[in-house]
Amino acid sequence: MEILKEVFRSLYANKLRTFLSMLGIVIGVAAVIMVMSLGAGMKKGVTERLTSLGSNVIMVSPGFVGGRGGTVAQAVETLKESDVKAILDMCPSVSKAVGLLSGSYLVQYKNSNTRISVYAAPNEIFQILNLKVSRGRTFSEDDKSKNVLIIGREAAYNLFKNEDPLGKRVYIVQGSRKIPFEVIGIFERTGSILMFNPDRMILIPYETGKYRVFQSRGGISMIIAMTSSPELSPNAVMEIDHLLYTKFHGQESYYNVVSQQAILNVVTESVNIINLVLVAIAAVSLVVGGIGIMNIMLVSVVERTREIGIKMALGASRARILVEFLVESITITFVAGAIGVLLGVLGSETAVNTFGKTYGLVAVIEPTSVLIAFGVSACIGLFFGFYPAYRASRLSPIEALRYE
Amino acid sequence: MTPRKVMELVDVWKIYDMGEVKVEALRGISFEVYEGEYVFVVGPSGSGKSTLLHILGCLDRPTKGKVFIEGEDVSKMSDRKLAKVRNRKVGFVFQTYNLLPRLNALENVELPMIYAGVPARERRKKAKELLELVGLGDRLYHRPNQLSGGQQQRVGIARALANDPSFILADEPTGNLDTKSGEEVMAIFKKLHEMGKTLIVVTHNPELLKDGTRIVKLRDGVIEDMEIRGVVYGNT
Ligand SMILES: Nc1ncnc2c1ncn2[C@@H]1O[C@H](COP(=O)(O)OP(=O)(O)O)[C@@H](O)[C@H]1O
Ligand SMILES: [Mg+2]
């Protein structure tokens, strides 16, 4: 207690110096807290978005074949409608699976032409991808082979600008033919899932697409499968992989199986690495701050040599002198840490308030990161304060007293 | 009743090794001090008076010889134990006062008691009493720079008394004071002697010597002469 009182007194006596010596730690801690909270916020945002889009979804797409001997690699139509049935029959972890047709087409409304990704899928796709319409309606049984479509918001804006798309007639341009379609719904805004983004696409009923637009003879562009729970996702990937491996006689490049879960893992991992690197960079400033503290404490020891001598003459042990100086440096870094945490929290709030809207930034301030910041700053005080304190405690009383 | 021997020096040498030259500041000093004595150490400048007091005050170690404080040899003691001896057994009064500038009079006097682990309340009470004893009852909360030299030295004396040491050491306590303040300080020492405290004081003022029980005259690091007055026990 007495030591603390004494320490505050001497820190107060050197207000400016105390403040300056704190600065490095304050900035370091604030930087670490900001990076950590924004990083955690970024991670949370990304994972939430990816998870909300169904972490139990798996996509099977054709692989790229060729590329040997100078030929250009090209996607091959290797998947067939029969593969969907095989997956449903042979892969116990898969609960639903649908085949999709897709392509990029010019879509015409009045005089405007826009290139939009067009997908043809059975109605189950709505459940699998959790797709919803914000206006209009989804496909009914009657729509099965009608020329109707649902459009994403961005695609709708590009095509219709400010006009209301509902009920409008548009044309999908297929070579020299123009196939008329009626807009019956608009997708609710989501984000992209696996490869596709409902905001930027057009969805048409499978039969309509197969016979009128894509004119497929049983080949499909991809298969979307679903497991009943996200935990089954790795199993399902293995089962599908095994099935197709056998079908294609070990030609792994003929197909691709990827789960949303796997993408999530990769993304999370990269976000983690980015965060770690940023925190490490911010931590360097903490070390620099610590060296600053050490510097100040060394100066302070020299300046107070006589005071140390007096204290020793009055019976202060070496341990006592050591502790006094250590408490002093720890107090500096601890207070600096507290200020740093405060500034870091305020800083990340400000960043979120300023840029949050534009970039979808959130800040997640975890109690552990605050605790760590406090702990680390106290440790820095201990670590960088030790040498100066040790120097002080090793002074000879008589020489310290003689010091002018 | 034979009074206690509070300290004893046996053939104490202090040699400062300055590389090329060796300075023999003390060359075989032996004497003893009994409880209640008022000892004066005199001698020309450079004769080794301060060196002697530093060794007695456990601020420095002798190069050779033994130093007993209350029967215990401190010349080979560990630093930790030595700090304790400085704290409990010795009260040091400096020529330059050596008060801590950030602390007020009361806190300065409390400092040795903090190191001794005396509880706060008791400490405060004792510090007040001591400051009253040296006539500073009305200056408890003054900082050193708000006190005159004489007053600062009286705080120094109160501080030296804080842990009821075995003896008080004072190295030219009036050296930095004007005549009047010096007399006031010496009056306090006389009073302490009358209260039964043991005092060892370095002085240049021959007028003071009349109050002493023992006068140690140093020259070139040896005791040139030792004058014993009044009843000094154990010596012949
Ligand atoms: N730290 C030291 N290093 C070297 N020589 C010293 C040191 N302290 C004192 N001396 C020498 O020892 C001798 C005695 O000094 P001191 O005890 O201070 O004398 P006094 O107090 O009687 O004037 C002097 O010659 C002085 O120069
Ligand atoms: Mg001297």
# chains A, B, ... in the order shown; residues from 1 in each chain; ligands from 1
$ residues_near_ligand --ligand "ligand 1" --cutoff "12 Å" --atoms "only C-alpha atoms and all ligand atoms" --output "PyMOL selection string"
(chain A and resi 396-403) or (chain B and resi 13-27+41-55+59-61+94-95+170-172+175+201-204+216-223)
$ select_by_dssp --residues "range 23-176 of chain B" --states "alpha helix (DSSP H)" --output "count of residues only"
56
$ select_by_dssp --residues "range 34-212 of chain B" --states "strand (DSSP E)" --output "count of residues only"
27
$ residues_around --residues "Ile25 in chain A" --least-positions-apart "3" --cutoff "8 Å" --atoms "only C-alpha atoms" --output "tab-separated table (two decimals) with C-alpha atoms, in the first residue's frame"
chain	number	residue	atom	x	y	z
A	21	SER	CA	6.41	7.12	-21.39
A	22	MET	CA	2.85	5.82	-21.40
A	28	GLY	CA	0.24	-0.19	-28.89
A	29	VAL	CA	-2.63	-1.46	-26.78
A	285	SER	CA	4.35	-1.23	-31.30
A	286	LEU	CA	3.78	-2.66	-27.82
A	289	GLY	CA	6.46	1.05	-26.10
A	290	GLY	CA	8.08	-1.34	-23.64
A	333	THR	CA	2.05	0.23	-18.25
A	336	ALA	CA	-1.35	3.03	-20.15
A	337	GLY	CA	-3.00	-0.30	-20.95
A	340	GLY	CA	-5.17	2.06	-24.57
A	377	SER	CA	0.76	-4.40	-20.64
$ interface_residues --of "chain B" --to "chain A" --cutoff "7 Å" --atoms "only C-alpha atoms" --output "PyMOL selection string"
chain B and resi 59-60+80+83-84+86-87+98+100+112+115
$ residues_around --residues "Tyr206 in chain A" --least-positions-apart "3" --cutoff "7 Å" --atoms "only C-alpha atoms" --output "PyMOL selection string"
chain A and resi 120-122+209-210
$ residues_around --residues "Glu349 in chain A" --least-positions-apart "2" --cutoff "12 Å" --atoms "only C-alpha atoms" --output "list in words"
Ile33, Met34, Val35, Ser37, Leu38, Gly41, Leu342, Leu343, Gly344, Val345, Leu346, Gly347, Ala351, Val352, Asn353, Thr354, Phe355, Gly356, Leu361, Val362, Ala363, Val364 and Ile365 of chain A
$ residues_around --residues "Ile157 in chain B" --least-positions-apart "2" --cutoff "9 Å" --atoms "only C-alpha atoms" --output "list of chain:residue names"
B:Gly91, B:Phe92, B:Val93, B:Phe94, B:Tyr97, B:Val109, B:Leu130, B:Leu131, B:Val134, B:Gln152, B:Gln153, B:Arg154, B:Val155, B:Arg159, B:Ala160, B:Leu161, B:Ala162, B:Ile168, B:Ala170, B:Val185, B:Ile188, B:Phe189
$ write_last_selection --atoms "N, CA and C atoms" --output "PDB file, in the first residue's frame"
ATOM      1  N   GLY B  91      20.601   5.054  13.822  1.00  0.00           N
ATOM      2  CA  GLY B  91      19.901   6.248  13.377  1.00  0.00           C
ATOM      3  C   GLY B  91      20.931   7.201  12.804  1.00  0.00           C
ATOM      4  N   PHE B  92      20.829   7.484  11.501  1.00  0.00           N
ATOM      5  CA  PHE B  92      21.857   8.304  10.860  1.00  0.00           C
ATOM      6  C   PHE B  92      21.363   9.725  10.633  1.00  0.00           C
ATOM      7  N   VAL B  93      22.178  10.704  11.084  1.00  0.00           N
ATOM      8  CA  VAL B  93      21.862  12.112  10.817  1.00  0.00           C
ATOM      9  C   VAL B  93      22.944  12.650   9.883  1.00  0.00           C
ATOM     10  N   PHE B  94      22.506  13.182   8.731  1.00  0.00           N
ATOM     11  CA  PHE B  94      23.466  13.598   7.700  1.00  0.00           C
ATOM     12  C   PHE B  94      23.734  15.095   7.757  1.00  0.00           C
ATOM     13  N   TYR B  97      21.195  16.701   5.567  1.00  0.00           N
ATOM     14  CA  TYR B  97      19.826  16.320   5.974  1.00  0.00           C
ATOM     15  C   TYR B  97      19.302  15.077   5.255  1.00  0.00           C
ATOM     16  N   VAL B 109       9.633  11.157   8.627  1.00  0.00           N
ATOM     17  CA  VAL B 109       9.931  10.472   9.890  1.00  0.00           C
ATOM     18  C   VAL B 109       9.340   9.062   9.895  1.00  0.00           C
ATOM     19  N   LEU B 130       7.812  12.361  17.946  1.00  0.00           N
ATOM     20  CA  LEU B 130       9.221  12.665  17.706  1.00  0.00           C
ATOM     21  C   LEU B 130       9.404  14.083  17.172  1.00  0.00           C
ATOM     22  N   LEU B 131       8.489  14.485  16.274  1.00  0.00           N
ATOM     23  CA  LEU B 131       8.594  15.838  15.741  1.00  0.00           C
ATOM     24  C   LEU B 131       8.315  16.869  16.825  1.00  0.00           C
ATOM     25  N   VAL B 134      11.497  17.326  18.876  1.00  0.00           N
ATOM     26  CA  VAL B 134      12.522  18.205  18.302  1.00  0.00           C
ATOM     27  C   VAL B 134      11.966  19.598  18.023  1.00  0.00           C
ATOM     28  N   GLN B 152      14.979  21.403   8.947  1.00  0.00           N
ATOM     29  CA  GLN B 152      15.173  20.156   8.193  1.00  0.00           C
ATOM     30  C   GLN B 152      16.054  19.193   8.972  1.00  0.00           C
ATOM     31  N   GLN B 153      17.105  19.745   9.597  1.00  0.00           N
ATOM     32  CA  GLN B 153      17.993  18.866  10.344  1.00  0.00           C
ATOM     33  C   GLN B 153      17.270  18.268  11.555  1.00  0.00           C
ATOM     34  N   ARG B 154      16.343  19.037  12.124  1.00  0.00           N
ATOM     35  CA  ARG B 154      15.593  18.488  13.258  1.00  0.00           C
ATOM     36  C   ARG B 154      14.656  17.377  12.798  1.00  0.00           C
ATOM     37  N   VAL B 155      14.090  17.520  11.580  1.00  0.00           N
ATOM     38  CA  VAL B 155      13.304  16.417  11.020  1.00  0.00           C
ATOM     39  C   VAL B 155      14.218  15.201  10.868  1.00  0.00           C
ATOM     40  N   ARG B 159      13.733  11.561  12.462  1.00  0.00           N
ATOM     41  CA  ARG B 159      13.730  10.365  11.623  1.00  0.00           C
ATOM     42  C   ARG B 159      14.726   9.322  12.138  1.00  0.00           C
ATOM     43  N   ALA B 160      15.911   9.821  12.588  1.00  0.00           N
ATOM     44  CA  ALA B 160      16.928   8.901  13.094  1.00  0.00           C
ATOM     45  C   ALA B 160      16.448   8.181  14.349  1.00  0.00           C
ATOM     46  N   LEU B 161      15.524   8.825  15.084  1.00  0.00           N
ATOM     47  CA  LEU B 161      15.046   8.234  16.331  1.00  0.00           C
ATOM     48  C   LEU B 161      13.880   7.263  16.127  1.00  0.00           C
ATOM     49  N   ALA B 162      13.368   7.228  14.900  1.00  0.00           N
ATOM     50  CA  ALA B 162      12.081   6.577  14.644  1.00  0.00           C
ATOM     51  C   ALA B 162      11.972   5.147  15.179  1.00  0.00           C
ATOM     52  N   ILE B 168      22.778   6.767  17.766  1.00  0.00           N
ATOM     53  CA  ILE B 168      22.574   7.755  16.710  1.00  0.00           C
ATOM     54  C   ILE B 168      23.937   8.181  16.198  1.00  0.00           C
ATOM     55  N   ALA B 170      25.883  11.001  13.811  1.00  0.00           N
ATOM     56  CA  ALA B 170      25.657  12.280  13.149  1.00  0.00           C
ATOM     57  C   ALA B 170      26.976  12.779  12.590  1.00  0.00           C
ATOM     58  N   VAL B 185      20.310  22.619  17.231  1.00  0.00           N
ATOM     59  CA  VAL B 185      20.466  21.195  16.940  1.00  0.00           C
ATOM     60  C   VAL B 185      21.290  20.517  18.032  1.00  0.00           C
ATOM     61  N   ILE B 188      19.405  19.838  21.064  1.00  0.00           N
ATOM     62  CA  ILE B 188      18.572  18.626  20.966  1.00  0.00           C
ATOM     63  C   ILE B 188      19.409  17.386  21.268  1.00  0.00           C
ATOM     64  N   PHE B 189      20.634  17.348  20.726  1.00  0.00           N
ATOM     65  CA  PHE B 189      21.498  16.196  21.008  1.00  0.00           C
ATOM     66  C   PHE B 189      21.759  16.063  22.506  1.00  0.00           C
TER      67      PHE B 189
END
$ residues_around --residues "range 187-191 of chain A" --least-positions-apart "4" --cutoff "8 Å" --atoms "only C-alpha atoms" --output "list in words"
Arg49, Leu53, Leu131, Lys132, Val133, Ser134, Arg135, Ile150, Ile151, Gly152, Arg153, Asn197, Pro198 and Asp199 of chain A
